file protein-v3.pdb (PDB, C-alpha atoms and all ligand atoms)
MODEL        1
ATOM      1  CA  MET A  10      -0.651  20.123 -42.513  1.00  0.00           C
ATOM      2  CA  SER A  11       2.026  20.668 -39.951  1.00  0.00           C
ATOM      3  CA  ILE A  12       5.000  18.346 -39.908  1.00  0.00           C
ATOM      4  CA  LYS A  13       8.108  18.013 -37.756  1.00  0.00           C
ATOM      5  CA  ILE A  14      11.307  16.158 -38.669  1.00  0.00           C
ATOM      6  CA  ILE A  15      12.373  13.705 -35.956  1.00  0.00           C
ATOM      7  CA  SER A  16      15.321  11.357 -35.393  1.00  0.00           C
ATOM      8  CA  THR A  17      14.606   7.658 -34.811  1.00  0.00           C
ATOM      9  CA  GLU A  18      16.703   5.155 -32.858  1.00  0.00           C
ATOM     10  CA  ASP A  19      18.653   3.796 -35.858  1.00  0.00           C
ATOM     11  CA  GLY A  20      19.796   7.321 -36.721  1.00  0.00           C
ATOM     12  CA  SER A  21      17.400   7.777 -39.646  1.00  0.00           C
ATOM     13  CA  ASN A  22      14.856  10.593 -39.776  1.00  0.00           C
ATOM     14  CA  SER A  23      11.108  10.335 -39.818  1.00  0.00           C
ATOM     15  CA  LEU A  24       8.234  12.810 -39.651  1.00  0.00           C
ATOM     16  CA  ARG A  25       5.634  13.543 -37.027  1.00  0.00           C
ATOM     17  CA  GLN A  26       2.247  14.709 -38.293  1.00  0.00           C
ATOM     18  CA  ILE A  27       1.256  17.161 -35.592  1.00  0.00           C
ATOM     19  CA  GLN A  28      -2.568  17.131 -35.914  1.00  0.00           C
ATOM     20  CA  LEU A  29      -2.734  13.319 -35.762  1.00  0.00           C
ATOM     21  CA  ASN A  30       0.213  13.112 -33.343  1.00  0.00           C
ATOM     22  CA  GLU A  31       1.451  10.215 -35.459  1.00  0.00           C
ATOM     23  CA  THR A  32       4.876   9.391 -36.896  1.00  0.00           C
ATOM     24  CA  TYR A  33       5.470   8.203 -40.478  1.00  0.00           C
ATOM     25  CA  HIS A  34       7.662   5.318 -39.214  1.00  0.00           C
ATOM     26  CA  SER A  35       8.581   3.491 -36.033  1.00  0.00           C
ATOM     27  CA  VAL A  36      10.474   5.693 -33.582  1.00  0.00           C
ATOM     28  CA  HIS A  37      12.706   2.623 -32.997  1.00  0.00           C
ATOM     29  CA  GLY A  38      14.193   3.039 -36.481  1.00  0.00           C
ATOM     30  CA  ALA A  39      12.617   4.240 -39.725  1.00  0.00           C
ATOM     31  CA  VAL A  40      15.045   2.593 -42.164  1.00  0.00           C
ATOM     32  CA  GLN A  41      15.175  -0.552 -40.032  1.00  0.00           C
ATOM     33  CA  GLU A  42      11.363  -0.835 -40.028  1.00  0.00           C
ATOM     34  CA  SER A  43      10.916  -0.195 -43.752  1.00  0.00           C
ATOM     35  CA  LEU A  44      13.642  -2.696 -44.651  1.00  0.00           C
ATOM     36  CA  HIS A  45      12.171  -5.359 -42.376  1.00  0.00           C
ATOM     37  CA  VAL A  46       8.487  -5.004 -43.245  1.00  0.00           C
ATOM     38  CA  PHE A  47       8.448  -4.006 -46.888  1.00  0.00           C
ATOM     39  CA  ILE A  48      11.725  -5.197 -48.401  1.00  0.00           C
ATOM     40  CA  ARG A  49      12.822  -8.341 -46.508  1.00  0.00           C
ATOM     41  CA  ASN A  50       9.293  -9.633 -45.808  1.00  0.00           C
ATOM     42  CA  GLY A  51       7.683  -8.221 -48.943  1.00  0.00           C
ATOM     43  CA  LEU A  52       9.742  -7.600 -52.056  1.00  0.00           C
ATOM     44  CA  ALA A  53      12.203 -10.401 -51.240  1.00  0.00           C
ATOM     45  CA  PHE A  54       9.253 -12.864 -51.149  1.00  0.00           C
ATOM     46  CA  VAL A  55       7.941 -12.133 -54.645  1.00  0.00           C
ATOM     47  CA  SER A  56       8.435 -15.226 -56.768  1.00  0.00           C
ATOM     48  CA  GLU A  57      11.588 -15.376 -58.910  1.00  0.00           C
ATOM     49  CA  SER A  58       9.297 -16.213 -61.825  1.00  0.00           C
ATOM     50  CA  VAL A  59       7.854 -12.674 -61.858  1.00  0.00           C
ATOM     51  CA  ALA A  60       9.813 -10.871 -64.578  1.00  0.00           C
ATOM     52  CA  GLU A  61       8.690  -7.378 -63.576  1.00  0.00           C
ATOM     53  CA  THR A  62       7.279  -6.790 -60.065  1.00  0.00           C
ATOM     54  CA  SER A  63       4.351  -4.432 -60.018  1.00  0.00           C
ATOM     55  CA  ILE A  64       4.160  -2.689 -56.608  1.00  0.00           C
ATOM     56  CA  LEU A  65       1.404  -0.506 -55.134  1.00  0.00           C
ATOM     57  CA  GLU A  66       2.341   1.674 -52.178  1.00  0.00           C
ATOM     58  CA  VAL A  67      -0.412   3.222 -50.062  1.00  0.00           C
ATOM     59  CA  GLY A  68       1.096   6.392 -48.579  1.00  0.00           C
ATOM     60  CA  PHE A  69       4.249   7.546 -50.451  1.00  0.00           C
ATOM     61  CA  GLY A  70       5.124   9.973 -47.635  1.00  0.00           C
ATOM     62  CA  THR A  71       8.876  10.510 -47.371  1.00  0.00           C
ATOM     63  CA  GLY A  72       9.631   8.164 -50.284  1.00  0.00           C
ATOM     64  CA  LEU A  73      11.668   5.887 -47.997  1.00  0.00           C
ATOM     65  CA  ASN A  74       9.971   2.637 -49.055  1.00  0.00           C
ATOM     66  CA  ALA A  75      10.346   3.610 -52.697  1.00  0.00           C
ATOM     67  CA  LEU A  76      14.033   4.467 -52.212  1.00  0.00           C
ATOM     68  CA  LEU A  77      14.782   1.143 -50.495  1.00  0.00           C
ATOM     69  CA  THR A  78      12.927  -0.587 -53.335  1.00  0.00           C
ATOM     70  CA  VAL A  79      15.059   1.163 -55.972  1.00  0.00           C
ATOM     71  CA  GLN A  80      18.193   0.082 -54.126  1.00  0.00           C
ATOM     72  CA  TYR A  81      17.092  -3.525 -53.567  1.00  0.00           C
ATOM     73  CA  ALA A  82      15.874  -3.927 -57.159  1.00  0.00           C
ATOM     74  CA  ARG A  83      19.230  -2.714 -58.482  1.00  0.00           C
ATOM     75  CA  GLN A  84      21.214  -4.985 -56.141  1.00  0.00           C
ATOM     76  CA  GLN A  85      19.105  -8.044 -57.019  1.00  0.00           C
ATOM     77  CA  GLY A  86      18.702  -7.297 -60.724  1.00  0.00           C
ATOM     78  CA  LYS A  87      14.902  -7.131 -60.359  1.00  0.00           C
ATOM     79  CA  LYS A  88      12.635  -5.017 -62.562  1.00  0.00           C
ATOM     80  CA  VAL A  89      10.004  -2.959 -60.735  1.00  0.00           C
ATOM     81  CA  LYS A  90       6.957  -0.917 -61.772  1.00  0.00           C
ATOM     82  CA  TYR A  91       6.091   1.217 -58.732  1.00  0.00           C
ATOM     83  CA  THR A  92       2.752   2.979 -58.223  1.00  0.00           C
ATOM     84  CA  ALA A  93       2.557   5.231 -55.163  1.00  0.00           C
ATOM     85  CA  ILE A  94      -0.581   6.901 -53.827  1.00  0.00           C
ATOM     86  CA  GLU A  95      -0.278  10.091 -51.789  1.00  0.00           C
ATOM     87  CA  PRO A  96      -2.956  12.766 -51.350  1.00  0.00           C
ATOM     88  CA  ARG A  97      -0.752  15.135 -49.330  1.00  0.00           C
ATOM     89  CA  PRO A  98       2.840  15.177 -50.610  1.00  0.00           C
ATOM     90  CA  ILE A  99       5.432  16.664 -48.287  1.00  0.00           C
ATOM     91  CA  SER A 100       7.117  19.860 -49.447  1.00  0.00           C
ATOM     92  CA  GLU A 101      10.657  20.110 -50.828  1.00  0.00           C
ATOM     93  CA  ASP A 102      11.551  22.107 -47.743  1.00  0.00           C
ATOM     94  CA  VAL A 103      10.851  18.932 -45.714  1.00  0.00           C
ATOM     95  CA  TRP A 104      12.048  16.088 -47.989  1.00  0.00           C
ATOM     96  CA  SER A 105      15.302  17.855 -48.821  1.00  0.00           C
ATOM     97  CA  LYS A 106      16.238  17.820 -45.108  1.00  0.00           C
ATOM     98  CA  LEU A 107      15.735  14.077 -44.520  1.00  0.00           C
ATOM     99  CA  ASN A 108      18.923  12.016 -44.185  1.00  0.00           C
ATOM    100  CA  TYR A 109      17.889   8.976 -46.303  1.00  0.00           C
ATOM    101  CA  PRO A 110      19.881   9.879 -49.439  1.00  0.00           C
ATOM    102  CA  VAL A 111      23.032  10.279 -47.348  1.00  0.00           C
ATOM    103  CA  LEU A 112      22.489   7.176 -45.189  1.00  0.00           C
ATOM    104  CA  LEU A 113      21.691   5.027 -48.216  1.00  0.00           C
ATOM    105  CA  SER A 114      24.024   6.771 -50.710  1.00  0.00           C
ATOM    106  CA  GLU A 115      21.074   7.257 -53.056  1.00  0.00           C
ATOM    107  CA  GLY A 116      20.988  11.002 -53.741  1.00  0.00           C
ATOM    108  CA  LYS A 117      20.123  10.770 -57.443  1.00  0.00           C
ATOM    109  CA  ALA A 118      17.303   8.258 -56.933  1.00  0.00           C
ATOM    110  CA  TYR A 119      15.895  10.216 -53.958  1.00  0.00           C
ATOM    111  CA  ARG A 120      15.668  13.427 -55.985  1.00  0.00           C
ATOM    112  CA  PHE A 121      14.091  11.527 -58.869  1.00  0.00           C
ATOM    113  CA  LEU A 122      11.426  10.042 -56.573  1.00  0.00           C
ATOM    114  CA  HIS A 123      10.418  13.438 -55.221  1.00  0.00           C
ATOM    115  CA  LEU A 124      10.860  15.607 -58.304  1.00  0.00           C
ATOM    116  CA  SER A 125       9.229  13.394 -60.912  1.00  0.00           C
ATOM    117  CA  HIS A 126       5.790  14.557 -62.056  1.00  0.00           C
ATOM    118  CA  TRP A 127       2.554  13.302 -60.606  1.00  0.00           C
ATOM    119  CA  GLY A 128       0.180  11.311 -62.784  1.00  0.00           C
ATOM    120  CA  ILE A 129       2.649  10.030 -65.396  1.00  0.00           C
ATOM    121  CA  ALA A 130       4.827   6.937 -65.374  1.00  0.00           C
ATOM    122  CA  VAL A 131       8.512   7.925 -65.503  1.00  0.00           C
ATOM    123  CA  PRO A 132      11.536   5.606 -65.768  1.00  0.00           C
ATOM    124  CA  LEU A 133      14.459   6.100 -63.358  1.00  0.00           C
ATOM    125  CA  ASN A 134      16.493   3.489 -65.237  1.00  0.00           C
ATOM    126  CA  SER A 135      15.823   0.339 -67.252  1.00  0.00           C
ATOM    127  CA  GLY A 136      14.785  -1.512 -64.066  1.00  0.00           C
ATOM    128  CA  PHE A 137      12.554   0.977 -62.246  1.00  0.00           C
ATOM    129  CA  GLU A 138       9.481   2.909 -63.367  1.00  0.00           C
ATOM    130  CA  LEU A 139       7.526   5.241 -61.062  1.00  0.00           C
ATOM    131  CA  LEU A 140       3.914   6.409 -61.212  1.00  0.00           C
ATOM    132  CA  LYS A 141       2.884   8.771 -58.398  1.00  0.00           C
ATOM    133  CA  LEU A 142      -0.832   9.439 -57.976  1.00  0.00           C
ATOM    134  CA  ARG A 143      -1.908  12.467 -55.975  1.00  0.00           C
ATOM    135  CA  MET A 144      -5.165  10.974 -54.706  1.00  0.00           C
ATOM    136  CA  THR A 145      -6.627   9.155 -51.768  1.00  0.00           C
ATOM    137  CA  LEU A 146      -6.792   5.382 -51.808  1.00  0.00           C
ATOM    138  CA  GLN A 147     -10.560   5.693 -51.545  1.00  0.00           C
ATOM    139  CA  ASP A 148     -10.736   7.701 -54.808  1.00  0.00           C
ATOM    140  CA  VAL A 149      -7.984   6.145 -56.910  1.00  0.00           C
ATOM    141  CA  PRO A 150      -9.118   3.779 -59.671  1.00  0.00           C
ATOM    142  CA  LEU A 151      -7.114   0.537 -59.366  1.00  0.00           C
ATOM    143  CA  GLU A 152      -6.838  -2.018 -62.120  1.00  0.00           C
ATOM    144  CA  PRO A 153      -8.160  -5.359 -60.793  1.00  0.00           C
ATOM    145  CA  GLY A 154      -5.402  -7.967 -60.667  1.00  0.00           C
ATOM    146  CA  GLY A 155      -2.759  -5.382 -61.554  1.00  0.00           C
ATOM    147  CA  PHE A 156      -0.234  -5.785 -58.710  1.00  0.00           C
ATOM    148  CA  ASP A 157       2.181  -8.430 -57.420  1.00  0.00           C
ATOM    149  CA  LEU A 158       2.812  -6.657 -54.114  1.00  0.00           C
ATOM    150  CA  VAL A 159       1.122  -4.031 -51.933  1.00  0.00           C
ATOM    151  CA  TYR A 160       3.015  -1.983 -49.360  1.00  0.00           C
ATOM    152  CA  TYR A 161       0.178  -0.971 -47.017  1.00  0.00           C
ATOM    153  CA  ASP A 162       1.738   1.931 -45.139  1.00  0.00           C
ATOM    154  CA  ALA A 163      -1.234   4.041 -44.066  1.00  0.00           C
ATOM    155  CA  PHE A 164      -1.314   5.735 -40.683  1.00  0.00           C
ATOM    156  CA  ALA A 165      -2.363   3.418 -37.831  1.00  0.00           C
ATOM    157  CA  PRO A 166      -5.984   2.225 -37.516  1.00  0.00           C
ATOM    158  CA  SER A 167      -6.373   4.245 -34.293  1.00  0.00           C
ATOM    159  CA  LYS A 168      -5.474   7.447 -36.222  1.00  0.00           C
ATOM    160  CA  GLN A 169      -6.972   6.819 -39.666  1.00  0.00           C
ATOM    161  CA  PRO A 170      -9.603   4.058 -39.273  1.00  0.00           C
ATOM    162  CA  GLU A 171     -11.168   4.763 -42.685  1.00  0.00           C
ATOM    163  CA  LEU A 172      -8.076   3.324 -44.420  1.00  0.00           C
ATOM    164  CA  TRP A 173      -8.506  -0.004 -42.574  1.00  0.00           C
ATOM    165  CA  ASP A 174     -12.186  -0.406 -43.376  1.00  0.00           C
ATOM    166  CA  ILE A 175     -13.007  -3.760 -44.991  1.00  0.00           C
ATOM    167  CA  GLU A 176     -14.470  -2.087 -48.098  1.00  0.00           C
ATOM    168  CA  VAL A 177     -11.206  -0.213 -48.701  1.00  0.00           C
ATOM    169  CA  LEU A 178      -9.231  -3.410 -48.093  1.00  0.00           C
ATOM    170  CA  ARG A 179     -11.540  -5.236 -50.549  1.00  0.00           C
ATOM    171  CA  LYS A 180     -10.511  -2.781 -53.262  1.00  0.00           C
ATOM    172  CA  VAL A 181      -6.817  -3.335 -52.481  1.00  0.00           C
ATOM    173  CA  VAL A 182      -7.172  -7.133 -52.457  1.00  0.00           C
ATOM    174  CA  ALA A 183      -9.024  -6.945 -55.808  1.00  0.00           C
ATOM    175  CA  ALA A 184      -6.039  -5.019 -57.195  1.00  0.00           C
ATOM    176  CA  LEU A 185      -3.675  -7.905 -56.373  1.00  0.00           C
ATOM    177  CA  LYS A 186      -2.868 -10.683 -58.825  1.00  0.00           C
ATOM    178  CA  CYS A 187      -3.520 -14.263 -57.666  1.00  0.00           C
ATOM    179  CA  GLY A 188      -0.489 -15.153 -55.545  1.00  0.00           C
ATOM    180  CA  GLY A 189       0.126 -11.447 -54.906  1.00  0.00           C
ATOM    181  CA  LEU A 190       1.339 -10.272 -51.485  1.00  0.00           C
ATOM    182  CA  PHE A 191       0.083  -7.609 -49.083  1.00  0.00           C
ATOM    183  CA  VAL A 192       2.499  -6.458 -46.362  1.00  0.00           C
ATOM    184  CA  THR A 193       1.992  -4.050 -43.490  1.00  0.00           C
ATOM    185  CA  TYR A 194       3.507  -3.134 -40.131  1.00  0.00           C
ATOM    186  CA  CYS A 195       0.048  -3.482 -38.532  1.00  0.00           C
ATOM    187  CA  ALA A 196      -0.898  -6.801 -36.912  1.00  0.00           C
ATOM    188  CA  LYS A 197      -4.307  -6.005 -35.417  1.00  0.00           C
ATOM    189  CA  GLY A 198      -6.707  -8.955 -35.038  1.00  0.00           C
ATOM    190  CA  GLN A 199      -9.469  -7.138 -36.950  1.00  0.00           C
ATOM    191  CA  LEU A 200      -7.170  -6.583 -39.942  1.00  0.00           C
ATOM    192  CA  LYS A 201      -6.237 -10.275 -40.015  1.00  0.00           C
ATOM    193  CA  ARG A 202      -9.903 -11.351 -39.787  1.00  0.00           C
ATOM    194  CA  ASP A 203     -10.893  -8.944 -42.557  1.00  0.00           C
ATOM    195  CA  LEU A 204      -8.081 -10.130 -44.835  1.00  0.00           C
ATOM    196  CA  ARG A 205      -9.093 -13.779 -44.253  1.00  0.00           C
ATOM    197  CA  ASN A 206     -12.710 -12.900 -45.035  1.00  0.00           C
ATOM    198  CA  LEU A 207     -11.474 -11.379 -48.290  1.00  0.00           C
ATOM    199  CA  GLY A 208      -9.878 -14.700 -49.239  1.00  0.00           C
ATOM    200  CA  MET A 209      -6.285 -13.979 -48.223  1.00  0.00           C
ATOM    201  CA  ILE A 210      -3.911 -16.439 -46.532  1.00  0.00           C
ATOM    202  CA  VAL A 211      -2.600 -14.448 -43.570  1.00  0.00           C
ATOM    203  CA  GLU A 212       0.739 -14.877 -41.787  1.00  0.00           C
ATOM    204  CA  THR A 213       1.775 -13.107 -38.597  1.00  0.00           C
ATOM    205  CA  LEU A 214       5.530 -12.523 -38.701  1.00  0.00           C
ATOM    206  CA  ALA A 215       8.006 -11.109 -36.195  1.00  0.00           C
ATOM    207  CA  GLY A 216       7.962  -7.340 -36.363  1.00  0.00           C
ATOM    208  CA  PRO A 217      10.925  -4.968 -36.672  1.00  0.00           C
ATOM    209  CA  PRO A 218      12.810  -3.940 -33.490  1.00  0.00           C
ATOM    210  CA  GLY A 219      10.362  -2.392 -31.017  1.00  0.00           C
ATOM    211  CA  LYS A 220       7.274  -4.010 -32.607  1.00  0.00           C
ATOM    212  CA  LYS A 221       6.159  -7.537 -31.790  1.00  0.00           C
ATOM    213  CA  GLU A 222       4.438  -8.510 -35.028  1.00  0.00           C
ATOM    214  CA  MET A 223       3.632  -7.588 -38.628  1.00  0.00           C
ATOM    215  CA  VAL A 224       1.392  -9.105 -41.297  1.00  0.00           C
ATOM    216  CA  ARG A 225       1.977 -10.643 -44.708  1.00  0.00           C
ATOM    217  CA  ALA A 226      -1.035 -11.932 -46.614  1.00  0.00           C
ATOM    218  CA  CYS A 227      -1.148 -13.802 -49.911  1.00  0.00           C
ATOM    219  CA  LYS A 228      -4.045 -13.767 -52.382  1.00  0.00           C
ATOM    220  CA  ALA A 229      -5.120 -17.363 -52.790  1.00  0.00           C
TER     221      ALA A 229
HETATM  222  C1  LIG B   1       2.667   6.102 -42.278  1.00  0.00           C
HETATM  223  S1  LIG B   1       2.791   7.421 -43.460  1.00  0.00           S
HETATM  224  C2  LIG B   1       3.594   6.679 -44.849  1.00  0.00           C
HETATM  225  C3  LIG B   1       5.050   6.562 -44.799  1.00  0.00           C
HETATM  226  C4  LIG B   1       5.662   6.379 -46.154  1.00  0.00           C
HETATM  227  N1  LIG B   1       5.393   5.091 -46.749  1.00  0.00           N
HETATM  228  C5  LIG B   1       7.122   6.648 -46.000  1.00  0.00           C
HETATM  229  O1  LIG B   1       7.936   5.744 -46.273  1.00  0.00           O
HETATM  230  O2  LIG B   1       7.434   7.759 -45.626  1.00  0.00           O
HETATM  231  C6  LIG B   1       1.131   7.422 -44.129  1.00  0.00           C
HETATM  232  C7  LIG B   1       0.985   8.167 -45.437  1.00  0.00           C
HETATM  233  O3  LIG B   1      -0.341   7.964 -45.939  1.00  0.00           O
HETATM  234  C8  LIG B   1      -0.763   9.173 -46.516  1.00  0.00           C
HETATM  235  N2  LIG B   1      -2.244   9.190 -46.581  1.00  0.00           N
HETATM  236  C9  LIG B   1      -3.089   9.844 -45.751  1.00  0.00           C
HETATM  237  N3  LIG B   1      -4.362   9.621 -46.137  1.00  0.00           N
HETATM  238  C10 LIG B   1      -4.319   8.813 -47.218  1.00  0.00           C
HETATM  239  C11 LIG B   1      -5.317   8.271 -48.068  1.00  0.00           C
HETATM  240  N4  LIG B   1      -6.625   8.504 -47.842  1.00  0.00           N
HETATM  241  N5  LIG B   1      -4.926   7.506 -49.112  1.00  0.00           N
HETATM  242  C12 LIG B   1      -3.597   7.264 -49.328  1.00  0.00           C
HETATM  243  N6  LIG B   1      -2.606   7.758 -48.544  1.00  0.00           N
HETATM  244  C13 LIG B   1      -2.967   8.530 -47.507  1.00  0.00           C
HETATM  245  C14 LIG B   1      -0.193  10.231 -45.595  1.00  0.00           C
HETATM  246  O4  LIG B   1      -0.170  11.522 -46.191  1.00  0.00           O
HETATM  247  C15 LIG B   1       1.187   9.666 -45.302  1.00  0.00           C
HETATM  248  O5  LIG B   1       2.121  10.086 -46.254  1.00  0.00           O
ENDMDL
END

call {"tool": "encode", "arguments": {"input": "protein-v3.pdb", "output": "structure tokens"}}
result
Amino acid sequence: MSIKIISTEDGSNSLRQIQLNETYHSVHGAVQESLHVFIRNGLAFVSESVAETSILEVGFGTGLNALLTVQYARQQGKKVKYTAIEPRPISEDVWSKLNYPVLLSEGKAYRFLHLSHWGIAVPLNSGFELLKLRMTLQDVPLEPGGFDLVYYDAFAPSKQPELWDIEVLRKVVAALKCGGLFVTYCAKGQLKRDLRNLGMIVETLAGPPGKKEMVRACKA
């Protein structure tokens, strides 16, 4: 897998996957996009009544979503159990060069996210526990009704259509609790129709800078 580090418009890095010719984040701003889609329109919308938020991330990648989650959870006094799926982890040579720990002043947490072992749940602190699974979404066994929130951060449907197939989405929806949320940067009509057919209540929200729309769906 060949990968190039790039700079996005908000000054934060991202990666370009050369074979797919696809970036890991919006070129208009990686941190800006992750904060908007996953934190402000995802994590911030989980009900106050949830004592410990169980999050599933599809595509751990650079660890940016996880890092912003650690930071937000600490600031808000939320407890998080974070499960991240990633079949092709990036190498230390790549993650150690990304500027997220400096931009976000989160060096210790960033190293923890990347250096912690795969396949076992490890606590970062009393409010954040991480389980990284080195598998594809298609192969990973997911506990039905196990998650409050899904960060769906796969590569775009035009680049990796198999991850947007309704049968794969069915598995993800089954893994949500009732009232659980699914958030993604993608706002394609087919995705919204498929989520509705799977019993989700779908909202189209304003996207981050440079992208018109995003999707949040709630399991009825
Ligand atoms: C858009 S990038 C994710 C960005 C990541 N959330 C971040 O903050 O850096 C998509 C990720 O999905 C991963 N991926 C590719 N195929 C996958 C699969 N079948 N199941 C789960 N993840 C997959 C890629 O390796 C890549 O890390």

call {"tool": "resolve_selection", "arguments": {"input": "protein-v3.pdb", "expression": "the PyMOL selection byres (((not hetatm)) within 7 of (chain B and resi 1))", "output": "list in words"}}
result
Thr32, Tyr33, His34, Val67, Gly68, Phe69, Gly70, Thr71, Gly72, Leu73, Asn74, Ile94, Glu95, Pro96, Arg97, Pro98, Met144, Thr145, Leu146, Gln147, Asp162, Ala163, Phe164 and Leu172 of chain A

call {"tool": "residues_around", "arguments": {"input": "protein-v3.pdb", "residues": "Val131 (chain A)", "least_positions_apart": "2", "cutoff": "10 Å", "atoms": "only C-alpha atoms", "output": "ChimeraX atom specification"}}
result
/A:90-91,121-122,125-129,133-134,137-141

call {"tool": "resolve_selection", "arguments": {"input": "protein-v3.pdb", "expression": "the PyMOL selection byres (((chain A and resi 190) around 6) and not hetatm)", "output": "mmCIF file with C-alpha atoms, keeping the file's coordinate frame"}}
result
data_model
loop_
_atom_site.group_PDB
_atom_site.id
_atom_site.type_symbol
_atom_site.label_atom_id
_atom_site.label_comp_id
_atom_site.auth_asym_id
_atom_site.auth_seq_id
_atom_site.Cartn_x
_atom_site.Cartn_y
_atom_site.Cartn_z
ATOM 1 C CA LEU A 158 2.812 -6.657 -54.114
ATOM 2 C CA GLY A 189 0.126 -11.447 -54.906
ATOM 3 C CA PHE A 191 0.083 -7.609 -49.083
ATOM 4 C CA ALA A 226 -1.035 -11.932 -46.614
ATOM 5 C CA CYS A 227 -1.148 -13.802 -49.911
#

call {"tool": "residues_around", "arguments": {"input": "protein-v3.pdb", "residues": "Phe156 (chain A)", "least_positions_apart": "5", "cutoff": "7 Å", "atoms": "all atoms listed in the file", "output": "list of chain:residue names"}}
result
A:Ser63, A:Ile64, A:Leu65, A:Ala184, A:Leu185, A:Lys186, A:Gly189

call {"tool": "atom_distance", "arguments": {"input": "protein-v3.pdb", "atom1": "CA of Asn22 (chain A)", "atom2": "CA of Ala93 (chain A)"}}
result
20.4 Å

call {"tool": "resolve_selection", "arguments": {"input": "protein-v3.pdb", "expression": "the PyMOL selection byres (((chain A and resi 83) around 12) and not hetatm)", "output": "PyMOL selection string"}}
result
chain A and resi 76-82+84-89+115+118+133-137

call {"tool": "closest_residue", "arguments": {"input": "protein-v3.pdb", "among": "A:Pro166, A:Val159, A:Asp174, A:Arg179", "to": "Val55 (chain A)", "atoms": "all atoms listed in the file"}}
result
A:Val159

call {"tool": "residues_around", "arguments": {"input": "protein-v3.pdb", "residues": "Trp173 (chain A)", "least_positions_apart": "2", "cutoff": "12 Å", "atoms": "only C-alpha atoms", "output": "PDB file with C-alpha atoms, keeping the file's coordinate frame"}}
result
ATOM      1  CA  VAL A  67      -0.412   3.222 -50.062  1.00  0.00           C
ATOM      2  CA  LEU A 146      -6.792   5.382 -51.808  1.00  0.00           C
ATOM      3  CA  GLN A 147     -10.560   5.693 -51.545  1.00  0.00           C
ATOM      4  CA  TYR A 161       0.178  -0.971 -47.017  1.00  0.00           C
ATOM      5  CA  ASP A 162       1.738   1.931 -45.139  1.00  0.00           C
ATOM      6  CA  ALA A 163      -1.234   4.041 -44.066  1.00  0.00           C
ATOM      7  CA  PHE A 164      -1.314   5.735 -40.683  1.00  0.00           C
ATOM      8  CA  ALA A 165      -2.363   3.418 -37.831  1.00  0.00           C
ATOM      9  CA  PRO A 166      -5.984   2.225 -37.516  1.00  0.00           C
ATOM     10  CA  SER A 167      -6.373   4.245 -34.293  1.00  0.00           C
ATOM     11  CA  LYS A 168      -5.474   7.447 -36.222  1.00  0.00           C
ATOM     12  CA  GLN A 169      -6.972   6.819 -39.666  1.00  0.00           C
ATOM     13  CA  PRO A 170      -9.603   4.058 -39.273  1.00  0.00           C
ATOM     14  CA  GLU A 171     -11.168   4.763 -42.685  1.00  0.00           C
ATOM     15  CA  ILE A 175     -13.007  -3.760 -44.991  1.00  0.00           C
ATOM     16  CA  GLU A 176     -14.470  -2.087 -48.098  1.00  0.00           C
ATOM     17  CA  VAL A 177     -11.206  -0.213 -48.701  1.00  0.00           C
ATOM     18  CA  LEU A 178      -9.231  -3.410 -48.093  1.00  0.00           C
ATOM     19  CA  ARG A 179     -11.540  -5.236 -50.549  1.00  0.00           C
ATOM     20  CA  LYS A 180     -10.511  -2.781 -53.262  1.00  0.00           C
ATOM     21  CA  VAL A 181      -6.817  -3.335 -52.481  1.00  0.00           C
ATOM     22  CA  THR A 193       1.992  -4.050 -43.490  1.00  0.00           C
ATOM     23  CA  CYS A 195       0.048  -3.482 -38.532  1.00  0.00           C
ATOM     24  CA  ALA A 196      -0.898  -6.801 -36.912  1.00  0.00           C
ATOM     25  CA  LYS A 197      -4.307  -6.005 -35.417  1.00  0.00           C
ATOM     26  CA  GLY A 198      -6.707  -8.955 -35.038  1.00  0.00           C
ATOM     27  CA  GLN A 199      -9.469  -7.138 -36.950  1.00  0.00           C
ATOM     28  CA  LEU A 200      -7.170  -6.583 -39.942  1.00  0.00           C
ATOM     29  CA  LYS A 201      -6.237 -10.275 -40.015  1.00  0.00           C
ATOM     30  CA  ARG A 202      -9.903 -11.351 -39.787  1.00  0.00           C
ATOM     31  CA  ASP A 203     -10.893  -8.944 -42.557  1.00  0.00           C
ATOM     32  CA  LEU A 204      -8.081 -10.130 -44.835  1.00  0.00           C
TER      33      LEU A 204
END

call {"tool": "atom_distance", "arguments": {"input": "protein-v3.pdb", "atom1": "CA of Gly188 (chain A)", "atom2": "CA of Glu212 (chain A)"}}
result
13.8 Å

call {"tool": "residues_around", "arguments": {"input": "protein-v3.pdb", "residues": "Arg25 (chain A)", "least_positions_apart": "5", "cutoff": "9 Å", "atoms": "all atoms listed in the file", "output": "MDAnalysis selection string"}}
result
chainID A and resid 11:15 30:34

call {"tool": "atom_distance", "arguments": {"input": "protein-v3.pdb", "atom1": "CA of Glu222 (chain A)", "atom2": "CA of Asn50 (chain A)"}}
result
11.9 Å
